[in-house]
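**Student:** Here it is, the structure in full.
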Amino acid sequence: MAGEMWLGDALLPTLNGLPYFHKPPLFYWIGAGSMQLFGSTEFAARVASVLAAWLMGAALLLAMRRWHGPRVAAVALGVLATTPFFFIGGQYANHDMLVGALISAAVLALARALDEPPRVHLGWLVAGWALCALAMLSKGLIGVVLPALVIGPWLLVQGRWRQVPGLLHPLGLLAFAVVAAPWFVAMQLRFPG
């Protein structure tokens with residue numbers, strides 16, 4: 001599908017020339033861009049998963065360094081990198097590593113936004129919402145539902161429910177809409193329903 005987007009319509013995912021809306025296009029866009037750079041190769045088809053694995057590792061490393069120090073961060077990254085499913089997923093041309101990395105990075109960014117209660121750090125909040133939008137462009141609604149199902153209960157269990165409304169800051173919601181909405185609107189206009 002990335003190859004079809006690379007050679008044809010850059011907005012519309014197609015399978016054998018027919019519109020294919022089973023998954024949103026981010027994975028295919030990265031693959032098409034990679035094919036533009038490296039040609040139609042196995043490596044180019046896997047670049048999205050490779051980049052996603054790097055993103056997940058970097059997000060984990062940065063979060064753990066902040067919260068637990070460099071030694072724990074290095075151990076956490078080492079454990080992640082040597083986990084068989086992570087290692088394999090980082091090389092497999094599939095949506096799962098991309099959405100997993102984006103959701104992980106979104107959760108960590110949102111947690112960082114709420115790191116100094118009762119304050120909500122706006123920059124991290126906007127980054128978290130933008131990452132949720134990218135996750136939604138990768139695999140659909142789970143890109144926003146799963147981070148909410150992690151952050152919401154986490155705040156409630158800690159008795160920090162007063163921070164929940166801060167997650168809905170208009171700039172965060174705007175970032176989400178600016179990143180996620182254009183493709184969905186364009187496809188709805190071209191293919192109603």
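Residue numbering restarts at 1 for every chain of the structure tokens, chains are lettered A, B, ... in their displayed order, and ligands are numbered from 1 as they appear.
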Using DSSP secondary structure from the backbone, list all helix (DSSP H, G or I) positions within region 2-164 of chain A, as a PyMOL selection string.
**Tutor:** chain A and resi 2-7+26-38+42-68+70-81+84-89+95-113+122-139+142-157+161-164
**Student:** Just the residues within 9 Å of region 176-184 of chain A, please, counting only C-alpha atoms, with nothing from its chain fewer than 4 positions along; format it as a PyMOL selection string.
**Tutor:** chain A and resi 11+24-25+126+128-137+171-172+188-189
**Student:** Using only N, CA and C atoms, please write the residues we just selected to a file, as a PDB file, in the first residue's frame.
**Tutor:**
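Okay, this is what ended up in selection-v5.pdb:
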ATOM      1  N   LEU A  11      -2.486  10.903  -0.763  1.00  0.00           N
ATOM      2  CA  LEU A  11      -3.431  11.006   0.353  1.00  0.00           C
ATOM      3  C   LEU A  11      -4.267   9.758   0.556  1.00  0.00           C
ATOM      4  N   PRO A  24      -5.738   4.118   9.003  1.00  0.00           N
ATOM      5  CA  PRO A  24      -5.345   5.444   8.514  1.00  0.00           C
ATOM      6  C   PRO A  24      -3.951   5.393   7.869  1.00  0.00           C
ATOM      7  N   PRO A  25      -3.494   6.490   7.259  1.00  0.00           N
ATOM      8  CA  PRO A  25      -2.356   6.413   6.359  1.00  0.00           C
ATOM      9  C   PRO A  25      -0.958   6.660   6.916  1.00  0.00           C
ATOM     10  N   VAL A 126       0.662  19.909  24.838  1.00  0.00           N
ATOM     11  CA  VAL A 126       0.468  20.029  23.382  1.00  0.00           C
ATOM     12  C   VAL A 126       1.196  18.899  22.663  1.00  0.00           C
ATOM     13  N   GLY A 128       1.853  15.947  23.874  1.00  0.00           N
ATOM     14  CA  GLY A 128       1.090  14.726  24.124  1.00  0.00           C
ATOM     15  C   GLY A 128      -0.118  14.599  23.216  1.00  0.00           C
ATOM     16  N   TRP A 129      -0.857  15.710  23.069  1.00  0.00           N
ATOM     17  CA  TRP A 129      -2.026  15.683  22.185  1.00  0.00           C
ATOM     18  C   TRP A 129      -1.616  15.489  20.722  1.00  0.00           C
ATOM     19  N   ALA A 130      -0.517  16.111  20.297  1.00  0.00           N
ATOM     20  CA  ALA A 130      -0.039  15.927  18.917  1.00  0.00           C
ATOM     21  C   ALA A 130       0.370  14.475  18.687  1.00  0.00           C
ATOM     22  N   LEU A 131       1.009  13.857  19.679  1.00  0.00           N
ATOM     23  CA  LEU A 131       1.377  12.442  19.561  1.00  0.00           C
ATOM     24  C   LEU A 131       0.137  11.550  19.515  1.00  0.00           C
ATOM     25  N   CYS A 132      -0.887  11.890  20.284  1.00  0.00           N
ATOM     26  CA  CYS A 132      -2.161  11.150  20.199  1.00  0.00           C
ATOM     27  C   CYS A 132      -2.745  11.253  18.791  1.00  0.00           C
ATOM     28  N   ALA A 133      -2.660  12.438  18.207  1.00  0.00           N
ATOM     29  CA  ALA A 133      -3.179  12.629  16.851  1.00  0.00           C
ATOM     30  C   ALA A 133      -2.405  11.785  15.846  1.00  0.00           C
ATOM     31  N   LEU A 134      -1.084  11.739  15.987  1.00  0.00           N
ATOM     32  CA  LEU A 134      -0.278  10.898  15.093  1.00  0.00           C
ATOM     33  C   LEU A 134      -0.615   9.420  15.295  1.00  0.00           C
ATOM     34  N   ALA A 135      -0.830   9.028  16.553  1.00  0.00           N
ATOM     35  CA  ALA A 135      -1.220   7.645  16.819  1.00  0.00           C
ATOM     36  C   ALA A 135      -2.571   7.340  16.172  1.00  0.00           C
ATOM     37  N   MET A 136      -3.474   8.311  16.208  1.00  0.00           N
ATOM     38  CA  MET A 136      -4.774   8.124  15.560  1.00  0.00           C
ATOM     39  C   MET A 136      -4.610   8.001  14.044  1.00  0.00           C
ATOM     40  N   LEU A 137      -3.686   8.766  13.474  1.00  0.00           N
ATOM     41  CA  LEU A 137      -3.410   8.643  12.044  1.00  0.00           C
ATOM     42  C   LEU A 137      -2.690   7.342  11.717  1.00  0.00           C
ATOM     43  N   LEU A 171      -5.441  24.553  23.686  1.00  0.00           N
ATOM     44  CA  LEU A 171      -4.276  24.414  22.799  1.00  0.00           C
ATOM     45  C   LEU A 171      -3.928  22.951  22.543  1.00  0.00           C
ATOM     46  N   GLY A 172      -4.110  22.107  23.545  1.00  0.00           N
ATOM     47  CA  GLY A 172      -3.889  20.682  23.336  1.00  0.00           C
ATOM     48  C   GLY A 172      -4.888  20.101  22.363  1.00  0.00           C
ATOM     49  N   GLN A 188     -13.449  12.119   4.038  1.00  0.00           N
ATOM     50  CA  GLN A 188     -14.913  12.192   4.143  1.00  0.00           C
ATOM     51  C   GLN A 188     -15.493  12.985   2.968  1.00  0.00           C
ATOM     52  N   LEU A 189     -14.799  14.037   2.567  1.00  0.00           N
ATOM     53  CA  LEU A 189     -15.279  14.847   1.445  1.00  0.00           C
ATOM     54  C   LEU A 189     -15.188  14.056   0.125  1.00  0.00           C
TER      55      LEU A 189
END
**Student:** Quote the spacing between CA of Trp154 (chain A) and CA of Arg112 (chain A) in Å to one decimal place.
**Tutor:**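 Going from CA of Trp154 (chain A) over to CA of Arg112 (chain A), I get 12.7 Å.
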**Student:** Could you check the closest approach to Gly31 (chain A) for each of A:His169, A:Ala81, A:His95, A:Ala53 and tell me which residue wins, using only C-alpha atoms?
**Tutor:**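 For Gly31 (chain A), the nearest of the given residues is A:His95.
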**Student:** In terms of the shortest atom-to-atom distance over only C-alpha atoms, which of A:Gly39, A:Leu26, A:Arg71, A:Ala113 is closest to Pro13 (chain A)?
**Tutor:**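 Using only C-alpha atoms, Pro13 (chain A) sits closest to A:Leu26.
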**Student:** Write out as number ranges by chain the residues lying within 9 Å of Ala101 (chain A), counting only C-alpha atoms and excluding same-chain residues fewer than 6 positions away.
**Tutor:** A: 52-57, 59, 135
**Student:** Taking all heavy atoms for each residue, export the selection above as a tab-separated table (two decimals), in the first residue's frame.
**Tutor:**
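Result file follows (part-v4.tsv):
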chain	number	residue	atom	x	y	z
A	52	ALA	N	9.88	3.96	14.64
A	52	ALA	CA	8.98	3.87	15.79
A	52	ALA	C	9.69	3.23	16.99
A	52	ALA	O	9.53	3.69	18.13
A	52	ALA	CB	7.73	3.07	15.42
A	53	ALA	N	10.47	2.19	16.74
A	53	ALA	CA	11.22	1.56	17.84
A	53	ALA	C	12.19	2.57	18.45
A	53	ALA	O	12.33	2.64	19.68
A	53	ALA	CB	11.96	0.33	17.33
A	54	TRP	N	12.84	3.35	17.63
A	54	TRP	CA	13.74	4.39	18.13
A	54	TRP	C	12.98	5.42	18.94
A	54	TRP	O	13.43	5.85	20.00
A	54	TRP	CB	14.50	5.07	16.98
A	54	TRP	CG	15.69	4.28	16.54
A	54	TRP	CD1	15.72	3.36	15.54
A	54	TRP	CD2	17.00	4.34	17.09
A	54	TRP	NE1	16.98	2.84	15.43
A	54	TRP	CE2	17.79	3.42	16.36
A	54	TRP	CE3	17.58	5.07	18.11
A	54	TRP	CZ2	19.13	3.21	16.65
A	54	TRP	CZ3	18.92	4.86	18.39
A	54	TRP	CH2	19.69	3.95	17.66
A	55	LEU	N	11.80	5.82	18.46
A	55	LEU	CA	10.98	6.78	19.19
A	55	LEU	C	10.57	6.24	20.56
A	55	LEU	O	10.68	6.93	21.57
A	55	LEU	CB	9.72	7.15	18.39
A	55	LEU	CG	8.68	8.00	19.13
A	55	LEU	CD1	9.24	9.38	19.48
A	55	LEU	CD2	7.42	8.13	18.30
A	56	MET	N	10.12	4.99	20.59
A	56	MET	CA	9.71	4.41	21.86
A	56	MET	C	10.89	4.34	22.82
A	56	MET	O	10.77	4.69	24.00
A	56	MET	CB	9.12	3.01	21.65
A	56	MET	CG	8.55	2.42	22.93
A	56	MET	SD	7.95	0.72	22.74
A	56	MET	CE	6.48	0.96	21.76
A	57	GLY	N	12.04	3.92	22.32
A	57	GLY	CA	13.22	3.84	23.17
A	57	GLY	C	13.65	5.21	23.68
A	57	GLY	O	13.98	5.37	24.87
A	59	ALA	N	11.77	7.92	24.02
A	59	ALA	CA	10.77	8.43	24.97
A	59	ALA	C	10.95	7.79	26.34
A	59	ALA	O	10.92	8.47	27.37
A	59	ALA	CB	9.36	8.18	24.43
A	135	ALA	N	-0.83	9.03	16.55
A	135	ALA	CA	-1.22	7.64	16.82
A	135	ALA	C	-2.57	7.34	16.17
A	135	ALA	O	-2.79	6.25	15.64
A	135	ALA	CB	-1.26	7.39	18.33
**Student:** To one decimal place in Å, what is the distance between CA of Ala109 (chain A) and CA of Trp124 (chain A)?
**Tutor:**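 Result for CA of Ala109 (chain A) versus CA of Trp124 (chain A): 5.5 Å, one decimal.
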**Student:** Could you list, as number ranges by chain, every residue within 10 Å of region 15-21 of chain A, counting only C-alpha atoms and ignoring same-chain residues fewer than 2 positions away?
**Tutor:** A: 1-5, 8-9, 12-13, 23-25, 187, 191
**Student:** Emit the selected residues as a compact mmCIF listing (two decimals), in the first residue's frame, including N, CA, C and O atoms.
**Tutor:**
# COMPACT_ATOMS: atom_id res chain seq x y z
N MET A 1 0.82 -1.19 0.00
CA MET A 1 0.00 0.00 0.00
C MET A 1 0.86 1.25 0.00
O MET A 1 0.52 2.23 -0.65
N ALA A 2 1.97 1.22 0.73
CA ALA A 2 2.88 2.36 0.71
C ALA A 2 3.42 2.56 -0.70
O ALA A 2 3.55 3.69 -1.17
N GLY A 3 3.69 1.47 -1.37
CA GLY A 3 4.17 1.55 -2.74
C GLY A 3 3.14 2.16 -3.67
O GLY A 3 3.47 2.96 -4.55
N GLU A 4 1.87 1.82 -3.47
CA GLU A 4 0.81 2.41 -4.29
C GLU A 4 0.68 3.90 -4.01
O GLU A 4 0.44 4.68 -4.92
N MET A 5 0.83 4.30 -2.75
CA MET A 5 0.77 5.73 -2.42
C MET A 5 1.98 6.46 -3.01
O MET A 5 1.88 7.58 -3.47
N GLY A 8 1.21 6.70 -6.67
CA GLY A 8 -0.07 7.28 -7.07
C GLY A 8 -0.50 8.43 -6.19
O GLY A 8 0.23 9.39 -5.98
N ASP A 9 -1.69 8.31 -5.63
CA ASP A 9 -2.30 9.34 -4.80
C ASP A 9 -1.68 9.31 -3.40
O ASP A 9 -1.82 8.34 -2.67
N LEU A 12 -4.56 9.07 -0.52
CA LEU A 12 -5.52 7.96 -0.49
C LEU A 12 -4.82 6.61 -0.41
O LEU A 12 -4.14 6.19 -1.35
N PRO A 13 -5.00 5.89 0.72
CA PRO A 13 -4.47 4.52 0.76
C PRO A 13 -5.29 3.63 -0.18
O PRO A 13 -6.52 3.68 -0.16
N LYS A 23 -7.10 1.03 7.81
CA LYS A 23 -6.19 1.73 8.71
C LYS A 23 -5.92 3.13 8.13
O LYS A 23 -5.86 3.30 6.92
N PRO A 24 -5.74 4.12 9.00
CA PRO A 24 -5.34 5.44 8.51
C PRO A 24 -3.95 5.39 7.87
O PRO A 24 -3.26 4.38 7.97
N PRO A 25 -3.49 6.49 7.26
CA PRO A 25 -2.36 6.41 6.36
C PRO A 25 -0.96 6.66 6.92
O PRO A 25 0.01 6.56 6.17
N MET A 187 -10.82 12.79 3.38
CA MET A 187 -11.35 11.49 2.94
C MET A 187 -12.88 11.48 3.02
O MET A 187 -13.55 10.91 2.15
N PHE A 191 -15.01 10.64 -0.11
CA PHE A 191 -15.75 9.37 0.00
C PHE A 191 -16.75 9.47 1.15
O PHE A 191 -16.51 8.92 2.22
**Student:** Pick out the residues sitting within 12 Å of Val150 (chain A), and hand them over as an MDAnalysis selection string; count only C-alpha atoms, and ignore anything fewer than 2 positions along from it in its own chain.
**Tutor:** chainID A and resid 103:104 106:108 110:111 142:148 152:157
**Student:** Work out how far apart CA of Gln36 (chain A) and CA of Leu98 (chain A) are and give it in Å to one decimal.
**Tutor:**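 It comes out at 19.4 Å.
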